[in-house]
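First the structure, in the form of structure tokens, and then the observations on it.
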Amino acid sequence: MIELQNGQRITGEIVKMDKKMLKVKVIALAPITLFSNTLRIGDKVKLDGEEFVIEDVVEGGVKLSKLILVERKSVKAIKKIENL
């Protein structure tokens, strides 16, 4: 989990970290009923105005992911979460 200076929290996997930026992969689960067309892994979909990539289609749900960039100077703390 990444806690920002403004109090916002981001839960995701840090994919890349350098001196200025963090690249974080955020995972979201959505009910399959939200989608009307055929879903394939790798397809891009919009959900609440944000673009996600379909990671997996499981019984009753869709695993979506999105890469976001976070400036290092806006990060207050990085905490490892166990037992997710």
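Each chain in the structure tokens gets a letter, A, B and so on, in the order shown; residues start at 1 in every chain, and ligands are counted from 1 in the order they appear.
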
Quick one: everything within 8 Å of Lys79 (chain A), counting only C-alpha atoms, minus sequence neighbours fewer than 2 positions away in the same chain. Send it as a compact mmCIF listing (two decimals) with all heavy atoms, in the first residue's frame.
# COMPACT_ATOMS: atom_id res chain seq x y z
N MET A 1 0.85 -1.17 0.00
CA MET A 1 0.00 0.00 0.00
C MET A 1 0.89 1.23 0.00
O MET A 1 1.90 1.28 0.68
CB MET A 1 -0.90 0.01 1.23
CG MET A 1 -1.79 1.23 1.24
SD MET A 1 -2.72 1.47 2.75
CE MET A 1 -1.46 1.62 3.94
N ILE A 2 0.48 2.21 -0.76
CA ILE A 2 1.23 3.46 -0.85
C ILE A 2 0.35 4.56 -0.26
O ILE A 2 -0.79 4.74 -0.68
CB ILE A 2 1.57 3.79 -2.31
CG1 ILE A 2 2.43 2.66 -2.88
CG2 ILE A 2 2.28 5.12 -2.42
CD1 ILE A 2 2.50 2.65 -4.37
N ALA A 77 4.48 7.15 2.61
CA ALA A 77 4.95 5.86 3.12
C ALA A 77 4.58 4.74 2.15
O ALA A 77 3.58 4.82 1.44
CB ALA A 77 4.33 5.58 4.48
N ILE A 81 1.76 -5.23 2.46
CA ILE A 81 0.54 -5.84 3.00
C ILE A 81 0.68 -7.35 2.91
O ILE A 81 0.95 -7.89 1.85
CB ILE A 81 -0.69 -5.38 2.24
CG1 ILE A 81 -0.85 -3.86 2.36
CG2 ILE A 81 -1.94 -6.09 2.73
CD1 ILE A 81 -2.01 -3.30 1.57

Can you tell me which residues surround Leu4 (chain A) at a distance of at most 6 Å, considering only C-alpha atoms, apart from same-chain residues fewer than 2 positions away, and format the answer as a list in words? Asn6, Gly7, Gln8, Ser74, Val75 and Lys76 of chain A

Keeping only N, CA, C and O atoms, write those residues as an mmCIF file, in the first residue's frame.
data_model
loop_
_atom_site.group_PDB
_atom_site.id
_atom_site.type_symbol
_atom_site.label_atom_id
_atom_site.label_comp_id
_atom_site.auth_asym_id
_atom_site.auth_seq_id
_atom_site.Cartn_x
_atom_site.Cartn_y
_atom_site.Cartn_z
ATOM 1 N N ASN A 6 -1.187 13.631 0.681
ATOM 2 C CA ASN A 6 -2.533 14.188 0.855
ATOM 3 C C ASN A 6 -3.481 13.241 1.597
ATOM 4 O O ASN A 6 -4.668 13.501 1.701
ATOM 5 N N GLY A 7 -2.974 12.086 2.055
ATOM 6 C CA GLY A 7 -3.786 11.133 2.803
ATOM 7 C C GLY A 7 -4.409 10.040 1.953
ATOM 8 O O GLY A 7 -4.948 9.068 2.483
ATOM 9 N N GLN A 8 -4.361 10.173 0.642
ATOM 10 C CA GLN A 8 -4.911 9.157 -0.255
ATOM 11 C C GLN A 8 -4.061 7.894 -0.173
ATOM 12 O O GLN A 8 -2.846 7.958 -0.002
ATOM 13 N N SER A 74 5.463 12.856 -3.714
ATOM 14 C CA SER A 74 4.122 12.880 -3.131
ATOM 15 C C SER A 74 3.847 11.657 -2.252
ATOM 16 O O SER A 74 2.789 11.554 -1.654
ATOM 17 N N VAL A 75 4.824 10.731 -2.139
ATOM 18 C CA VAL A 75 4.652 9.516 -1.346
ATOM 19 C C VAL A 75 5.071 9.781 0.096
ATOM 20 O O VAL A 75 6.166 10.266 0.358
ATOM 21 N N LYS A 76 4.168 9.449 1.013
ATOM 22 C CA LYS A 76 4.461 9.588 2.437
ATOM 23 C C LYS A 76 5.052 8.296 2.991
ATOM 24 O O LYS A 76 6.016 8.331 3.752
#

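The shell of residues at most 7 Å from region 21-25 of chain A, with only C-alpha atoms counted and near chain neighbours (fewer than 3 positions) removed, consists of Gly12, Glu13, Ile14, Val15, Lys16, Met17, Asp18, Ser65, Lys66, Leu67, Ile68, Leu69, Val70, Glu71 and Arg72 of chain A.
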
Go ahead and dump the residues you just picked, N, CA and C atoms, as a compact mmCIF listing (two decimals), in the first residue's frame.
# COMPACT_ATOMS: atom_id res chain seq x y z
N GLY A 12 -1.65 -1.59 -4.52
CA GLY A 12 -1.25 -2.19 -5.78
C GLY A 12 0.17 -2.71 -5.70
N GLU A 13 0.64 -3.23 -6.81
CA GLU A 13 1.98 -3.81 -6.90
C GLU A 13 2.91 -2.79 -7.56
N ILE A 14 4.03 -2.49 -6.90
CA ILE A 14 5.01 -1.58 -7.48
C ILE A 14 5.76 -2.35 -8.57
N VAL A 15 5.59 -1.90 -9.81
CA VAL A 15 6.20 -2.55 -10.96
C VAL A 15 7.59 -2.01 -11.21
N LYS A 16 7.76 -0.69 -11.04
CA LYS A 16 9.04 -0.05 -11.29
C LYS A 16 9.17 1.15 -10.36
N MET A 17 10.40 1.37 -9.87
CA MET A 17 10.64 2.49 -8.98
C MET A 17 11.97 3.12 -9.37
N ASP A 18 11.97 4.44 -9.58
CA ASP A 18 13.23 5.13 -9.80
C ASP A 18 13.26 6.36 -8.90
N SER A 65 -6.81 -4.57 -14.60
CA SER A 65 -5.62 -3.92 -14.08
C SER A 65 -5.39 -2.60 -14.79
N LYS A 66 -4.65 -1.74 -14.11
CA LYS A 66 -4.34 -0.42 -14.66
C LYS A 66 -2.99 0.00 -14.10
N LEU A 67 -2.15 0.57 -14.95
CA LEU A 67 -0.86 1.10 -14.50
C LEU A 67 -1.02 2.59 -14.22
N ILE A 68 -0.56 3.01 -13.05
CA ILE A 68 -0.58 4.43 -12.73
C ILE A 68 0.81 4.88 -12.34
N LEU A 69 1.09 6.14 -12.57
CA LEU A 69 2.38 6.72 -12.20
C LEU A 69 2.18 7.64 -11.00
N VAL A 70 3.08 7.54 -10.04
CA VAL A 70 3.01 8.35 -8.82
C VAL A 70 4.37 9.02 -8.64
N GLU A 71 4.36 10.32 -8.41
CA GLU A 71 5.61 11.02 -8.14
C GLU A 71 6.14 10.62 -6.77
N ARG A 72 7.45 10.36 -6.70
CA ARG A 72 8.05 9.95 -5.42
C ARG A 72 7.89 11.01 -4.35

Residues of chain A in strand (DSSP E) according to DSSP, as a count of residues only? 49

Check the DSSP output for the backbone and give back, as a VMD selection string, the residues of chain A in helix (DSSP H, G or I). chain A and resid 32 to 34 72 to 74

Next, write the just-selected residues to a file, as a compact mmCIF listing (two decimals), in the first residue's frame, keeping all heavy atoms as the atom set.
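Contents of part26.txt, freshly written:
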# COMPACT_ATOMS: atom_id res chain seq x y z
N ILE A 32 -19.14 -9.59 -13.92
CA ILE A 32 -19.19 -9.83 -15.36
C ILE A 32 -20.45 -9.23 -15.99
O ILE A 32 -20.48 -8.93 -17.17
CB ILE A 32 -19.06 -11.34 -15.67
CG1 ILE A 32 -18.56 -11.53 -17.09
CG2 ILE A 32 -20.34 -12.08 -15.40
CD1 ILE A 32 -17.94 -12.87 -17.34
N THR A 33 -21.47 -8.98 -15.18
CA THR A 33 -22.72 -8.42 -15.69
C THR A 33 -22.57 -6.98 -16.17
O THR A 33 -23.45 -6.46 -16.85
CB THR A 33 -23.81 -8.49 -14.61
OG1 THR A 33 -23.34 -7.83 -13.44
CG2 THR A 33 -24.16 -9.92 -14.28
N LEU A 34 -21.47 -6.31 -15.82
CA LEU A 34 -21.25 -4.93 -16.28
C LEU A 34 -20.91 -4.86 -17.77
O LEU A 34 -20.99 -3.81 -18.38
CB LEU A 34 -20.11 -4.28 -15.50
CG LEU A 34 -20.37 -3.93 -14.05
CD1 LEU A 34 -19.12 -3.35 -13.42
CD2 LEU A 34 -21.52 -2.93 -13.94
N ARG A 72 7.45 10.36 -6.70
CA ARG A 72 8.05 9.95 -5.42
C ARG A 72 7.89 11.01 -4.35
O ARG A 72 7.69 10.70 -3.18
CB ARG A 72 9.55 9.67 -5.61
CG ARG A 72 9.90 8.40 -6.34
CD ARG A 72 9.74 7.15 -5.51
NE ARG A 72 10.58 7.08 -4.35
CZ ARG A 72 11.70 6.40 -4.24
NH1 ARG A 72 12.16 5.73 -5.27
NH2 ARG A 72 12.37 6.37 -3.11
N LYS A 73 7.96 12.30 -4.73
CA LYS A 73 7.87 13.36 -3.73
C LYS A 73 6.49 13.45 -3.08
O LYS A 73 6.35 14.02 -2.01
CB LYS A 73 8.27 14.71 -4.33
CG LYS A 73 7.37 15.22 -5.41
CD LYS A 73 7.88 16.53 -5.97
CE LYS A 73 6.97 17.05 -7.06
NZ LYS A 73 7.47 18.28 -7.61
N SER A 74 5.46 12.86 -3.71
CA SER A 74 4.12 12.88 -3.13
C SER A 74 3.85 11.66 -2.25
O SER A 74 2.79 11.55 -1.65
CB SER A 74 3.07 12.99 -4.23
OG SER A 74 3.07 11.83 -5.03

note - CA of Ile27 (chain A) and CA of Phe52 (chain A) are separated by 9.0 Å

I need the residue nearest Thr11 (chain A) from this list: A:Val57, A:Ile78, A:Ala30, A:Ile41. Use only C-alpha atoms for the distance. A:Ile78

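Counting from CA of Val26 (chain A), the distance to CA of Ile10 (chain A) is 7.9 Å.
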
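Neighbours of Pro31 (chain A) closer than or equal to 10 Å, with only C-alpha atoms counted and sequence neighbours fewer than 4 positions away skipped, come out as Phe35, Val57, Val58, Glu59, Gly60, Gly61, Val62 and Lys63 of chain A.
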
Can you pull out the residues contacting Leu64 (chain A)? Cut-off 7 Å, using only C-alpha atoms, and skip same-chain residues under 3 positions away; I want them as a list in words. Ile27, Ala28, Leu29, Phe52, Val53, Ile54 and Glu55 of chain A

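Interatomic distance, CA of Glu82 (chain A) against CA of Lys20 (chain A): 26.4 Å.
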